[in-house]
Every structure is written in C-alpha cells, then in structure tokens.
file upload-v2.cif (mmCIF, C-alpha atoms and all ligand atoms)
data_run
#
loop_
_atom_site.label_atom_id
_atom_site.label_comp_id
_atom_site.auth_asym_id
_atom_site.auth_seq_id
_atom_site.Cartn_x
_atom_site.Cartn_y
_atom_site.Cartn_z
CA MET S 1 -5.43 23.30 -30.35
CA ASN S 2 -8.76 22.43 -28.74
CA ILE S 3 -7.75 20.51 -25.63
CA LEU S 4 -10.11 18.37 -23.56
CA VAL S 5 -9.11 17.78 -19.92
CA THR S 6 -11.01 15.01 -18.10
CA GLY S 7 -11.09 14.59 -14.31
CA CYS S 8 -10.27 18.31 -14.03
CA TYR S 9 -11.13 18.64 -10.32
CA GLY S 10 -8.61 16.01 -9.22
CA GLN S 11 -5.06 16.83 -8.11
CA LEU S 12 -3.51 16.84 -11.58
CA GLY S 13 -6.53 18.34 -13.34
CA THR S 14 -6.55 21.25 -10.90
CA GLU S 15 -2.89 22.06 -11.67
CA ILE S 16 -3.56 21.91 -15.43
CA ARG S 17 -6.46 24.36 -14.95
CA LYS S 18 -4.05 26.77 -13.20
CA ILE S 19 -1.57 26.59 -16.08
CA ALA S 20 -4.36 26.97 -18.68
CA ASN S 21 -5.57 30.13 -16.92
CA THR S 22 -2.51 31.95 -18.20
CA ASP S 23 -2.45 30.27 -21.62
CA THR S 24 -3.92 32.07 -24.61
CA THR S 25 -2.63 29.76 -27.35
CA HIS S 26 -5.17 26.95 -26.87
CA GLN S 27 -8.88 26.53 -26.33
CA TRP S 28 -9.38 24.44 -23.16
CA PHE S 29 -12.42 22.27 -22.33
CA PHE S 30 -12.44 21.22 -18.68
CA THR S 31 -14.68 18.36 -17.59
CA ASP S 32 -15.09 16.04 -14.62
CA VAL S 33 -17.46 13.15 -13.97
CA ASP S 34 -20.42 15.52 -13.51
CA THR S 35 -20.02 16.99 -17.02
CA LEU S 36 -18.26 14.16 -18.89
CA ASN S 37 -18.24 10.63 -17.53
CA ILE S 38 -15.40 9.05 -19.51
CA CYS S 39 -17.14 5.64 -19.27
CA ASP S 40 -20.01 7.03 -21.41
CA GLU S 41 -18.97 6.36 -25.01
CA ASP S 42 -21.77 8.47 -26.57
CA ALA S 43 -21.03 11.43 -24.31
CA VAL S 44 -17.31 11.24 -25.17
CA GLU S 45 -18.10 11.14 -28.90
CA ARG S 46 -20.49 14.12 -28.60
CA CYS S 47 -17.85 16.11 -26.69
CA PHE S 48 -15.13 15.41 -29.30
CA SER S 49 -17.45 16.25 -32.24
CA LYS S 50 -19.02 19.37 -30.79
CA ASN S 51 -15.75 20.90 -29.59
CA HIS S 52 -13.46 19.72 -32.44
CA ILE S 53 -11.04 18.24 -29.92
CA ASN S 54 -7.39 17.94 -31.13
CA ALA S 55 -5.91 16.67 -27.87
CA CYS S 56 -7.17 15.07 -24.67
CA ILE S 57 -5.35 15.00 -21.32
CA ASN S 58 -6.94 12.20 -19.34
CA CYS S 59 -6.63 13.12 -15.65
CA ALA S 60 -9.70 11.04 -14.74
CA ALA S 61 -9.01 7.79 -12.91
CA TYR S 62 -10.05 5.46 -10.13
CA THR S 63 -7.25 6.24 -7.66
CA ALA S 64 -8.42 4.62 -4.39
CA VAL S 65 -5.71 1.95 -4.33
CA ASP S 66 -7.02 -0.10 -1.36
CA LYS S 67 -10.71 0.26 -2.25
CA ALA S 68 -9.93 -1.04 -5.74
CA GLU S 69 -9.27 -4.48 -4.20
CA GLU S 70 -13.00 -4.57 -3.31
CA GLU S 71 -14.27 -2.86 -6.49
CA PRO S 72 -12.20 -4.42 -9.28
CA GLU S 73 -14.96 -4.04 -11.92
CA LEU S 74 -15.40 -0.32 -11.29
CA ALA S 75 -11.62 0.24 -11.24
CA GLU S 76 -11.30 -1.67 -14.55
CA LYS S 77 -14.12 0.35 -16.10
CA ILE S 78 -12.58 3.73 -15.21
CA ASN S 79 -8.87 2.87 -15.54
CA ALA S 80 -8.94 0.59 -18.59
CA LEU S 81 -12.23 0.54 -20.54
CA ALA S 82 -12.75 4.33 -20.37
CA PRO S 83 -9.21 5.14 -21.61
CA GLN S 84 -10.00 2.81 -24.53
CA ILE S 85 -13.13 4.91 -25.25
CA LEU S 86 -10.97 8.06 -25.19
CA ALA S 87 -8.34 6.39 -27.41
CA ASP S 88 -11.00 5.35 -29.96
CA ALA S 89 -12.37 8.91 -30.00
CA CYS S 90 -8.84 10.28 -30.46
CA LEU S 91 -8.23 7.89 -33.37
CA LYS S 92 -11.52 8.85 -35.04
CA HIS S 93 -10.93 12.60 -34.59
CA ASP S 94 -7.18 12.51 -35.29
CA ALA S 95 -6.50 13.82 -31.79
CA LEU S 96 -3.56 13.18 -29.45
CA LEU S 97 -4.24 11.33 -26.18
CA VAL S 98 -2.12 12.21 -23.14
CA HIS S 99 -2.80 9.53 -20.54
CA ILE S 100 -1.39 9.17 -17.02
CA SER S 101 -0.27 5.83 -15.62
CA THR S 102 1.56 4.69 -12.54
CA ASP S 103 4.63 3.11 -10.92
CA TYR S 104 2.19 0.39 -9.67
CA VAL S 105 2.43 -1.34 -13.07
CA PHE S 106 5.82 -2.65 -11.81
CA ASP S 107 6.31 -5.31 -9.13
CA GLY S 108 8.56 -3.11 -6.99
CA ASN S 109 11.33 -5.68 -6.66
CA ALA S 110 13.95 -3.73 -8.64
CA GLU S 111 17.06 -2.21 -7.10
CA CYS S 112 17.64 0.50 -9.70
CA PRO S 113 15.19 2.92 -11.37
CA TYR S 114 12.62 1.42 -13.74
CA CYS S 115 12.93 2.31 -17.44
CA GLU S 116 9.93 2.56 -19.74
CA GLU S 117 10.69 -0.75 -21.45
CA ASP S 118 11.18 -2.78 -18.24
CA PRO S 119 8.66 -5.65 -17.96
CA ILE S 120 5.52 -4.77 -16.05
CA ALA S 121 4.10 -7.04 -13.32
CA PRO S 122 1.36 -5.25 -11.37
CA GLN S 123 0.73 -6.60 -7.85
CA SER S 124 -2.59 -4.90 -7.06
CA VAL S 125 -6.01 -4.43 -8.69
CA TYR S 126 -5.23 -0.73 -9.20
CA GLY S 127 -1.90 -1.57 -10.87
CA LEU S 128 -3.53 -4.26 -13.04
CA THR S 129 -6.29 -1.93 -14.25
CA LYS S 130 -3.82 0.86 -15.03
CA ALA S 131 -1.60 -1.59 -16.93
CA HIS S 132 -4.63 -2.80 -18.90
CA GLY S 133 -5.50 0.84 -19.70
CA GLU S 134 -1.99 1.34 -21.12
CA GLN S 135 -2.32 -1.81 -23.24
CA LEU S 136 -5.73 -0.82 -24.68
CA ILE S 137 -4.42 2.63 -25.63
CA ARG S 138 -1.33 1.13 -27.29
CA GLU S 139 -3.51 -1.31 -29.26
CA SER S 140 -6.04 1.37 -30.32
CA GLY S 141 -3.84 2.88 -33.03
CA CYS S 142 -4.34 6.45 -31.77
CA ASN S 143 -1.50 8.92 -31.21
CA TYR S 144 -0.58 8.90 -27.54
CA TYR S 145 1.77 9.88 -24.77
CA ILE S 146 1.41 7.60 -21.75
CA VAL S 147 3.18 9.21 -18.80
CA ARG S 148 3.78 7.04 -15.73
CA THR S 149 4.16 8.94 -12.49
CA ALA S 150 4.26 8.17 -8.75
CA TRP S 151 3.55 9.51 -5.24
CA LEU S 152 1.50 12.48 -6.54
CA TYR S 153 0.60 15.29 -4.13
CA SER S 154 -0.70 18.85 -4.32
CA SER S 155 -2.47 21.46 -2.22
CA THR S 156 -5.87 20.07 -3.29
CA GLY S 157 -7.63 16.76 -2.73
CA LYS S 158 -6.52 13.87 -0.55
CA ASN S 159 -2.84 13.01 -0.53
CA PHE S 160 0.03 11.91 1.70
CA VAL S 161 1.34 15.43 2.43
CA LYS S 162 -2.03 16.75 3.58
CA THR S 163 -2.72 13.59 5.61
CA MET S 164 0.63 13.92 7.43
CA LEU S 165 0.02 17.62 8.17
CA ALA S 166 -3.40 16.80 9.64
CA LEU S 167 -1.93 13.95 11.74
CA ALA S 168 0.81 16.23 13.07
CA ASP S 169 -1.87 18.58 14.43
CA SER S 170 -3.61 15.81 16.36
CA HIS S 171 -0.77 13.46 17.41
CA ASP S 172 2.49 13.74 19.40
CA SER S 173 4.04 10.95 17.35
CA ILE S 174 3.16 8.84 14.28
CA ASN S 175 4.52 5.66 12.67
CA VAL S 176 5.54 5.77 9.00
CA VAL S 177 6.95 3.01 6.79
CA CYS S 178 10.66 3.25 6.11
CA ASP S 179 11.17 0.33 3.70
CA GLN S 180 9.30 1.57 0.62
CA LYS S 181 11.36 3.78 -1.64
CA GLY S 182 10.09 6.07 -4.41
CA THR S 183 9.92 9.69 -5.51
CA PRO S 184 7.27 12.20 -4.49
CA THR S 185 5.86 14.22 -7.39
CA TRP S 186 4.26 17.65 -7.12
CA ALA S 187 1.21 17.57 -9.41
CA TYR S 188 2.09 21.08 -10.68
CA ASP S 189 5.45 19.82 -12.06
CA LEU S 190 3.72 16.95 -13.86
CA ALA S 191 1.03 19.29 -15.25
CA ASP S 192 3.73 21.66 -16.49
CA MET S 193 5.54 18.80 -18.25
CA LEU S 194 2.32 17.50 -19.86
CA VAL S 195 1.45 20.93 -21.27
CA HIS S 196 5.02 21.23 -22.53
CA LEU S 197 4.73 17.81 -24.26
CA LEU S 198 1.52 18.96 -25.98
CA ASN S 199 3.11 22.20 -27.16
CA GLN S 200 6.25 20.41 -28.32
CA ASN S 201 4.27 17.79 -30.24
CA GLY S 202 2.11 20.11 -32.33
CA HIS S 203 0.37 17.54 -34.50
CA GLN S 204 2.99 14.85 -35.10
CA PRO S 205 2.19 11.12 -35.04
CA VAL S 206 3.47 9.81 -31.72
CA HIS S 207 3.34 6.59 -29.70
CA GLU S 208 5.49 7.09 -26.60
CA ILE S 209 5.58 5.96 -22.98
CA PHE S 210 7.48 8.21 -20.55
CA HIS S 211 8.35 8.19 -16.87
CA PHE S 212 7.98 11.42 -14.91
CA THR S 213 8.42 12.10 -11.18
CA ASN S 214 10.41 14.73 -9.34
CA GLU S 215 14.15 14.02 -8.96
CA GLY S 216 15.66 12.02 -6.10
CA GLN S 217 14.57 8.96 -4.13
CA ILE S 218 13.38 8.61 -0.54
CA THR S 219 11.15 6.54 1.74
CA TRP S 220 7.75 7.58 3.11
CA TYR S 221 9.52 8.01 6.48
CA ASP S 222 12.10 10.41 4.96
CA PHE S 223 9.29 12.28 3.20
CA THR S 224 7.33 12.72 6.44
CA CYS S 225 10.43 13.94 8.31
CA ALA S 226 11.00 16.53 5.55
CA ILE S 227 7.34 17.70 5.65
CA PHE S 228 7.54 18.20 9.43
CA GLU S 229 10.97 19.83 9.30
CA ILE S 230 9.91 22.37 6.65
CA THR S 231 6.62 23.18 8.41
CA GLU S 232 8.29 23.10 11.87
CA LYS S 233 5.88 20.50 13.26
CA SER S 234 6.96 18.98 16.57
CA CYS S 235 5.28 15.60 15.92
CA LYS S 236 7.79 12.72 16.29
CA VAL S 237 8.11 10.27 13.37
CA ASN S 238 8.79 6.59 14.18
CA PRO S 239 10.10 4.42 11.35
CA ILE S 240 8.21 1.12 10.91
CA THR S 241 8.30 -1.66 8.31
CA THR S 242 5.63 -2.53 5.73
CA ASP S 243 4.81 -5.70 7.76
CA GLN S 244 3.87 -3.47 10.69
CA TYR S 245 1.43 -1.47 8.52
CA PRO S 246 -0.72 -3.96 6.58
CA THR S 247 -2.86 -2.56 3.73
CA LYS S 248 -5.47 -4.24 1.49
CA ALA S 249 -3.45 -3.55 -1.66
CA HIS S 250 0.18 -4.55 -2.06
CA ARG S 251 2.58 -1.57 -2.15
CA PRO S 252 5.79 -1.71 -4.25
CA ALA S 253 8.94 -1.77 -2.10
CA TYR S 254 10.86 0.11 -4.78
CA SER S 255 9.17 2.29 -7.37
CA VAL S 256 11.76 4.82 -8.48
CA LEU S 257 11.26 5.67 -12.17
CA ASP S 258 14.11 6.45 -14.58
CA LYS S 259 13.35 9.79 -16.24
CA SER S 260 16.22 9.92 -18.77
CA LYS S 261 13.87 9.46 -21.74
CA ILE S 262 11.52 12.37 -21.01
CA LYS S 263 14.45 14.66 -20.13
CA ALA S 264 16.19 13.88 -23.42
CA TYR S 265 12.94 14.16 -25.42
CA THR S 266 11.91 17.53 -23.97
CA LYS S 267 15.43 18.84 -23.20
CA ARG S 268 14.09 19.91 -19.81
CA ASN S 269 15.35 19.47 -16.28
CA ILE S 270 13.05 18.16 -13.56
CA PRO S 271 12.85 19.82 -10.12
CA PHE S 272 14.28 17.97 -7.09
CA TRP S 273 11.55 16.57 -4.79
CA ARG S 274 12.45 18.76 -1.79
CA ASP S 275 12.38 22.04 -3.77
CA SER S 276 8.90 21.22 -5.07
CA LEU S 277 7.72 20.09 -1.64
CA ILE S 278 8.70 23.49 -0.22
CA LYS S 279 6.65 25.25 -2.94
CA CYS S 280 3.61 23.07 -2.34
CA LEU S 281 3.81 23.53 1.44
CA GLU S 282 3.94 27.33 0.91
CA GLU S 283 0.79 27.04 -1.21
CA ILE S 284 -0.96 24.92 1.45
CA LYS S 285 -0.01 27.52 4.08
CA ARG S 286 -1.27 30.41 1.90
CA LYS S 287 -4.57 28.60 1.35
CA SER S 288 -5.04 27.99 5.08
CA LEU S 289 -4.33 31.68 5.84
CA ASP S 290 -6.88 32.75 3.17
CA LYS S 291 -9.65 30.68 4.83
N1 LIG S 301 -2.32 10.02 -6.77
C1 LIG S 301 -1.17 9.36 -6.95
O1 LIG S 301 -0.35 9.20 -6.03
C2 LIG S 301 -0.84 8.81 -8.31
C3 LIG S 301 0.33 8.07 -8.47
C4 LIG S 301 0.64 7.57 -9.74
C5 LIG S 301 -0.21 7.81 -10.80
N2 LIG S 301 -1.35 8.51 -10.61
C6 LIG S 301 -2.23 8.74 -11.77
O2 LIG S 301 -2.25 10.14 -12.04
C7 LIG S 301 -3.51 10.51 -12.59
C8 LIG S 301 -4.07 11.69 -11.82
O3 LIG S 301 -4.21 11.32 -10.45
P1 LIG S 301 -4.84 12.30 -9.37
O4 LIG S 301 -4.16 12.02 -8.08
O5 LIG S 301 -4.91 13.69 -9.92
O6 LIG S 301 -6.34 11.68 -9.29
P2 LIG S 301 -7.56 12.24 -8.45
O7 LIG S 301 -7.17 13.40 -7.62
O8 LIG S 301 -8.19 11.03 -7.79
O9 LIG S 301 -8.53 12.78 -9.59
C9 LIG S 301 -9.21 11.94 -10.47
C10 LIG S 301 -10.42 12.70 -10.97
O10 LIG S 301 -11.12 11.86 -11.90
C11 LIG S 301 -12.51 11.93 -11.60
N3 LIG S 301 -13.21 10.77 -12.12
C12 LIG S 301 -13.39 9.55 -11.54
N4 LIG S 301 -14.13 8.77 -12.33
C13 LIG S 301 -14.43 9.49 -13.44
C14 LIG S 301 -15.19 9.23 -14.60
N5 LIG S 301 -15.81 8.05 -14.81
N6 LIG S 301 -15.29 10.21 -15.54
C15 LIG S 301 -14.70 11.41 -15.36
N7 LIG S 301 -13.98 11.72 -14.26
C16 LIG S 301 -13.84 10.78 -13.30
C17 LIG S 301 -12.53 12.02 -10.10
O11 LIG S 301 -13.80 12.42 -9.62
P3 LIG S 301 -14.28 11.92 -8.14
O12 LIG S 301 -13.29 12.49 -7.17
O13 LIG S 301 -15.65 12.45 -8.04
O14 LIG S 301 -14.21 10.41 -8.21
C18 LIG S 301 -11.42 13.04 -9.86
O15 LIG S 301 -11.90 14.36 -10.00
C19 LIG S 301 -4.38 9.25 -12.54
O16 LIG S 301 -4.33 8.62 -13.80
C20 LIG S 301 -3.68 8.36 -11.54
O17 LIG S 301 -3.92 6.98 -11.76
C21 LIG S 301 -1.69 9.03 -9.39
#
call {"tool": "encode", "arguments": {"input": "upload-v2.cif", "output": "structure tokens"}}
result
Amino acid sequence: MNILVTGCYGQLGTEIRKIANTDTTHQWFFTDVDTLNICDEDAVERCFSKNHINACINCAAYTAVDKAEEEPELAEKINALAPQILADACLKHDALLVHISTDYVFDGNAECPYCEEDPIAPQSVYGLTKAHGEQLIRESGCNYYIVRTAWLYSSTGKNFVKTMLALADSHDSINVVCDQKGTPTWAYDLADMLVHLLNQNGHQPVHEIFHFTNEGQITWYDFTCAIFEITEKSCKVNPITTDQYPTKAHRPAYSVLDKSKIKAYTKRNIPFWRDSLIKCLEEIKRKSLDK
C-alpha cells in the first residue's frame, strides 16, 4: 500500500514514523503542515494523485484544547473541514482513511466506560470540532476507521507527562486534579494498533468507529503520583478538585473508553497504562542522556 501520514511531526505521527522505519511492506509518505497543509484541497488532491495513495492516516489536528475556545474557526477548519477534504480524496482515489478522534466528543457525565455507539455531547470547542470531523467523514461515503483515543502522551512534543517531569524539577510540591478520571495512552501503542488495523484491512470496504486507550482507569492525580514514583522524583503531589483549577475549556469528569470492540475486531490485547508509562519514561530518560 502507498500510505500517506499527515501531521507526522506530532506525538502520534512521530510514533508511526518509528514503526514505518522497520516496515518494508508499504511505501510511506510522511507530511506535516510545511509539506502538506490538509486544509488545502488542491494540495491534498495533488498528493493523492502523484503518489497513488491507498490509505491515509490523519494525525494532523488542532489539539490546543483551551486555545480552541478563542480560535473556534481555525479549530473547525483543521479538525472538521480538513478531514472532509481528506475523506473526499479517499473516496475519489478508493483509499482508506484512518482518522483519530477524542474522548472529548462525550459529555463526561457517565459512570461506566463509553462505548462507540453512546450518544455524543461535546462540551468544548475542541470536542465540537472533532465531533463534526467524525460526522463529515461518516457522511462522505469513503472507507474509514475513526479511532477515538484519550490522554495521549509520548517522549516528543508537549504533553502531561513531560509537563509534570519539568514541574518536578522546579517545584517542591504541585497541585493536580483528582476528580477527573480517564486512561492515559502511550502514542506508540496507538500507532502500533493503527498500523495493525491497516494491515488487517487490506482493501476491504469498511466504516467503523473504535475506541482505543491503554487499559485501566485513573485520575490525573494518580497519574502524576505514578510518574514521580517511577522516576523517583521527590516533588509532593497535592490532590485538588476541578473547581480549584479553572480552565478555559470544559474537561470531562469521566472519559474512560470501552475498548471491547477493537479488541474483538483485531484479536489483540492492549497494554496496561502503567506498563506503557514505564516504557515511555525509559525513552524520555534515554533521550535526555543522549543530549
Ligand atoms: N493529545 C491528546 O491528548 C489527544 C487526546 C485525544 C485525541 N487526540 C487526537 O489524536 C490525534 C493526534 O494527536 P497528537 O497529540 O499527536 O497531536 P499533535 O502532537 O498536536 O500533532 C498534530 C500535528 O498536526 C500538525 N498540523 C496542524 N495543523 C495542520 C494542518 N493544517 N495540516 C497539516 N498538519 C497540521 C501539527 O503541526 P504544528 O505543531 O505545527 O501545529 C502537528 O505536527 C489528533 O487527532 C488529536 O485530536 C489527542
């Protein structure tokens, strides 16, 4: 297959590049906004035609959740209108679209894990634009996998794990919210699952939404305690409530995703969040020693 990856320098795109480095079965085309702006319909069409694209993994997105409240048009353009451009190109070129969505499409008021068919009710601009992107892809008629994930982190880019590690080096204690529950997801595990989905699909017609995170469920407070315990940081972690840490965008109180469907479909197990966290922290340590 000729596989186009957009947003390839982001967290997820970087992990897909690592996996592709050892893959000889496909031809990979890696792009980011500097080489393929997914909002540019003509550029997308040229890229699909020239490279005979059979599949596209869309890792490009507007991911600044709080800033999106101030830039709703830009967030809509990148998270909804651009995925529609990719979906139209996929339909025209008979290619499969693998698109990533988010737990923020739900309202966060559930008390048990969200299934794919649960009603969506986004509570933030980011969540609304991602939900709209899903809808436009579903309506396009192209073949697609939409994979919703949550709490993504990796050794590259900006994310919660790296922010907490930096704070631990400059603070004796920090406050972290203890009333939002979800599941951290190592971007490598998601990348690995997406590549597996592509390989499993071959060239079958498909219109599926899946949920994928690591296994388990914890709060941001629990997550921070684990990060500091594993890395032996002495920084104290104080639990606080969401009310004590106001943000521009609403955060879901509960965003655990039910992964039964993707596990049954791929016949694969998913790593537990703590095991993946340990691997990512080892990678972060290796990178800092290499500097
Ligand atoms: N991060 C999370 O916690 C989280 C949670 C749930 C779901 N997700 C979803 O998972 C996916 C991957 O997230 P991520 O954390 O890997 O994102 P990321 O690190 O923010 O990477 C996104 C990439 O897309 C690029 N990009 C932005 N606008 C573009 C455009 N118009 N054309 C082409 N590329 C563009 C960005 O470039 P610049 O950096 O130059 O803007 C960046 O390289 C996204 O769909 C996201 O919504 C993320």
call {"tool": "closest_residue", "arguments": {"input": "upload-v2.cif", "among": "S:His99, S:Glu41, S:Ile120, S:Glu71", "to": "Ile85 in chain S", "atoms": "only C-alpha atoms"}}
result
S:Glu41
call {"tool": "residues_near_ligand", "arguments": {"input": "upload-v2.cif", "ligand": "ligand LIG 301 (chain S)", "cutoff": "7 Å", "atoms": "all atoms listed in the file", "output": "mmCIF file with C-alpha atoms, in the frame of the given file"}}
result
data_model
loop_
_atom_site.group_PDB
_atom_site.id
_atom_site.type_symbol
_atom_site.label_atom_id
_atom_site.label_comp_id
_atom_site.auth_asym_id
_atom_site.auth_seq_id
_atom_site.Cartn_x
_atom_site.Cartn_y
_atom_site.Cartn_z
ATOM 1 C CA THR S 6 -11.010 15.010 -18.100
ATOM 2 C CA GLY S 7 -11.090 14.590 -14.310
ATOM 3 C CA CYS S 8 -10.270 18.310 -14.030
ATOM 4 C CA TYR S 9 -11.130 18.640 -10.320
ATOM 5 C CA GLY S 10 -8.610 16.010 -9.220
ATOM 6 C CA GLN S 11 -5.060 16.830 -8.110
ATOM 7 C CA LEU S 12 -3.510 16.840 -11.580
ATOM 8 C CA GLY S 13 -6.530 18.340 -13.340
ATOM 9 C CA ASP S 32 -15.090 16.040 -14.620
ATOM 10 C CA VAL S 33 -17.460 13.150 -13.970
ATOM 11 C CA LEU S 36 -18.260 14.160 -18.890
ATOM 12 C CA ASN S 37 -18.240 10.630 -17.530
ATOM 13 C CA ILE S 38 -15.400 9.050 -19.510
ATOM 14 C CA CYS S 39 -17.140 5.640 -19.270
ATOM 15 C CA CYS S 59 -6.630 13.120 -15.650
ATOM 16 C CA ALA S 60 -9.700 11.040 -14.740
ATOM 17 C CA ALA S 61 -9.010 7.790 -12.910
ATOM 18 C CA TYR S 62 -10.050 5.460 -10.130
ATOM 19 C CA THR S 63 -7.250 6.240 -7.660
ATOM 20 C CA ILE S 78 -12.580 3.730 -15.210
ATOM 21 C CA HIS S 99 -2.800 9.530 -20.540
ATOM 22 C CA ILE S 100 -1.390 9.170 -17.020
ATOM 23 C CA SER S 101 -0.270 5.830 -15.620
ATOM 24 C CA THR S 102 1.560 4.690 -12.540
ATOM 25 C CA ASP S 103 4.630 3.110 -10.920
ATOM 26 C CA LYS S 130 -3.820 0.860 -15.030
ATOM 27 C CA ARG S 148 3.780 7.040 -15.730
ATOM 28 C CA THR S 149 4.160 8.940 -12.490
ATOM 29 C CA ALA S 150 4.260 8.170 -8.750
ATOM 30 C CA TRP S 151 3.550 9.510 -5.240
ATOM 31 C CA LEU S 152 1.500 12.480 -6.540
ATOM 32 C CA TYR S 153 0.600 15.290 -4.130
ATOM 33 C CA GLY S 157 -7.630 16.760 -2.730
ATOM 34 C CA ASN S 159 -2.840 13.010 -0.530
#
call {"tool": "closest_residue", "arguments": {"input": "upload-v2.cif", "among": "S:Lys291, S:Lys77, S:Lys236, S:His52", "to": "Ile174 in chain S", "atoms": "only C-alpha atoms"}}
result
S:Lys236
call {"tool": "axis_aligned_box", "arguments": {"input": "upload-v2.cif", "around": "range 99-103 of chain S", "padding_each_side": "6 Å", "output": "lines of an AutoDock Vina configuration file"}}
result
center_x = 0.9
center_y = 6.3
center_z = -15.7
size_x = 19.4
size_y = 18.4
size_z = 21.6
call {"tool": "closest_residue", "arguments": {"input": "upload-v2.cif", "among": "S:Glu215, S:Glu282, S:Glu116, S:Glu15", "to": "Ile230 in chain S", "atoms": "all atoms listed in the file"}}
result
S:Glu282
call {"tool": "closest_residue", "arguments": {"input": "upload-v2.cif", "among": "S:Thr22, S:Asn79, S:Asn199, S:Ser155", "to": "Ser276 in chain S", "atoms": "only C-alpha atoms"}}
result
S:Ser155
call {"tool": "build_atoms", "arguments": {"input": "upload-v2.cif", "residues": "range 65-78 of chain S", "atoms": "N, CA and C atoms", "output": "PDB file, in the frame of the given file"}}
result
ATOM      1  N   VAL S  65      -6.496   3.179  -4.127  1.00  0.00           N
ATOM      2  CA  VAL S  65      -5.710   1.950  -4.330  1.00  0.00           C
ATOM      3  C   VAL S  65      -6.226   0.775  -3.478  1.00  0.00           C
ATOM      4  N   ASP S  66      -6.537   1.006  -2.219  1.00  0.00           N
ATOM      5  CA  ASP S  66      -7.020  -0.100  -1.360  1.00  0.00           C
ATOM      6  C   ASP S  66      -8.453  -0.486  -1.699  1.00  0.00           C
ATOM      7  N   LYS S  67      -9.295   0.529  -1.931  1.00  0.00           N
ATOM      8  CA  LYS S  67     -10.710   0.260  -2.250  1.00  0.00           C
ATOM      9  C   LYS S  67     -10.847  -0.533  -3.555  1.00  0.00           C
ATOM     10  N   ALA S  68      -9.889  -0.334  -4.451  1.00  0.00           N
ATOM     11  CA  ALA S  68      -9.930  -1.040  -5.740  1.00  0.00           C
ATOM     12  C   ALA S  68      -9.912  -2.557  -5.549  1.00  0.00           C
ATOM     13  N   GLU S  69      -9.302  -3.027  -4.451  1.00  0.00           N
ATOM     14  CA  GLU S  69      -9.270  -4.480  -4.200  1.00  0.00           C
ATOM     15  C   GLU S  69     -10.685  -5.018  -4.010  1.00  0.00           C
ATOM     16  N   GLU S  70     -11.599  -4.148  -3.540  1.00  0.00           N
ATOM     17  CA  GLU S  70     -13.000  -4.570  -3.310  1.00  0.00           C
ATOM     18  C   GLU S  70     -13.910  -4.209  -4.477  1.00  0.00           C
ATOM     19  N   GLU S  71     -13.441  -3.317  -5.365  1.00  0.00           N
ATOM     20  CA  GLU S  71     -14.270  -2.860  -6.490  1.00  0.00           C
ATOM     21  C   GLU S  71     -13.522  -3.025  -7.809  1.00  0.00           C
ATOM     22  N   PRO S  72     -13.042  -4.255  -8.090  1.00  0.00           N
ATOM     23  CA  PRO S  72     -12.200  -4.420  -9.280  1.00  0.00           C
ATOM     24  C   PRO S  72     -12.910  -4.055 -10.587  1.00  0.00           C
ATOM     25  N   GLU S  73     -14.246  -4.324 -10.650  1.00  0.00           N
ATOM     26  CA  GLU S  73     -14.960  -4.040 -11.920  1.00  0.00           C
ATOM     27  C   GLU S  73     -15.009  -2.536 -12.175  1.00  0.00           C
ATOM     28  N   LEU S  74     -15.306  -1.780 -11.122  1.00  0.00           N
ATOM     29  CA  LEU S  74     -15.400  -0.320 -11.290  1.00  0.00           C
ATOM     30  C   LEU S  74     -14.021   0.258 -11.642  1.00  0.00           C
ATOM     31  N   ALA S  75     -12.979  -0.238 -10.961  1.00  0.00           N
ATOM     32  CA  ALA S  75     -11.620   0.240 -11.240  1.00  0.00           C
ATOM     33  C   ALA S  75     -11.236  -0.067 -12.692  1.00  0.00           C
ATOM     34  N   GLU S  76     -11.594  -1.271 -13.163  1.00  0.00           N
ATOM     35  CA  GLU S  76     -11.300  -1.670 -14.550  1.00  0.00           C
ATOM     36  C   GLU S  76     -12.047  -0.772 -15.535  1.00  0.00           C
ATOM     37  N   LYS S  77     -13.307  -0.470 -15.200  1.00  0.00           N
ATOM     38  CA  LYS S  77     -14.120   0.350 -16.100  1.00  0.00           C
ATOM     39  C   LYS S  77     -13.490   1.745 -16.268  1.00  0.00           C
ATOM     40  N   ILE S  78     -13.085   2.347 -15.146  1.00  0.00           N
ATOM     41  CA  ILE S  78     -12.580   3.730 -15.210  1.00  0.00           C
ATOM     42  C   ILE S  78     -11.115   3.786 -15.678  1.00  0.00           C
TER      43      ILE S  78
END
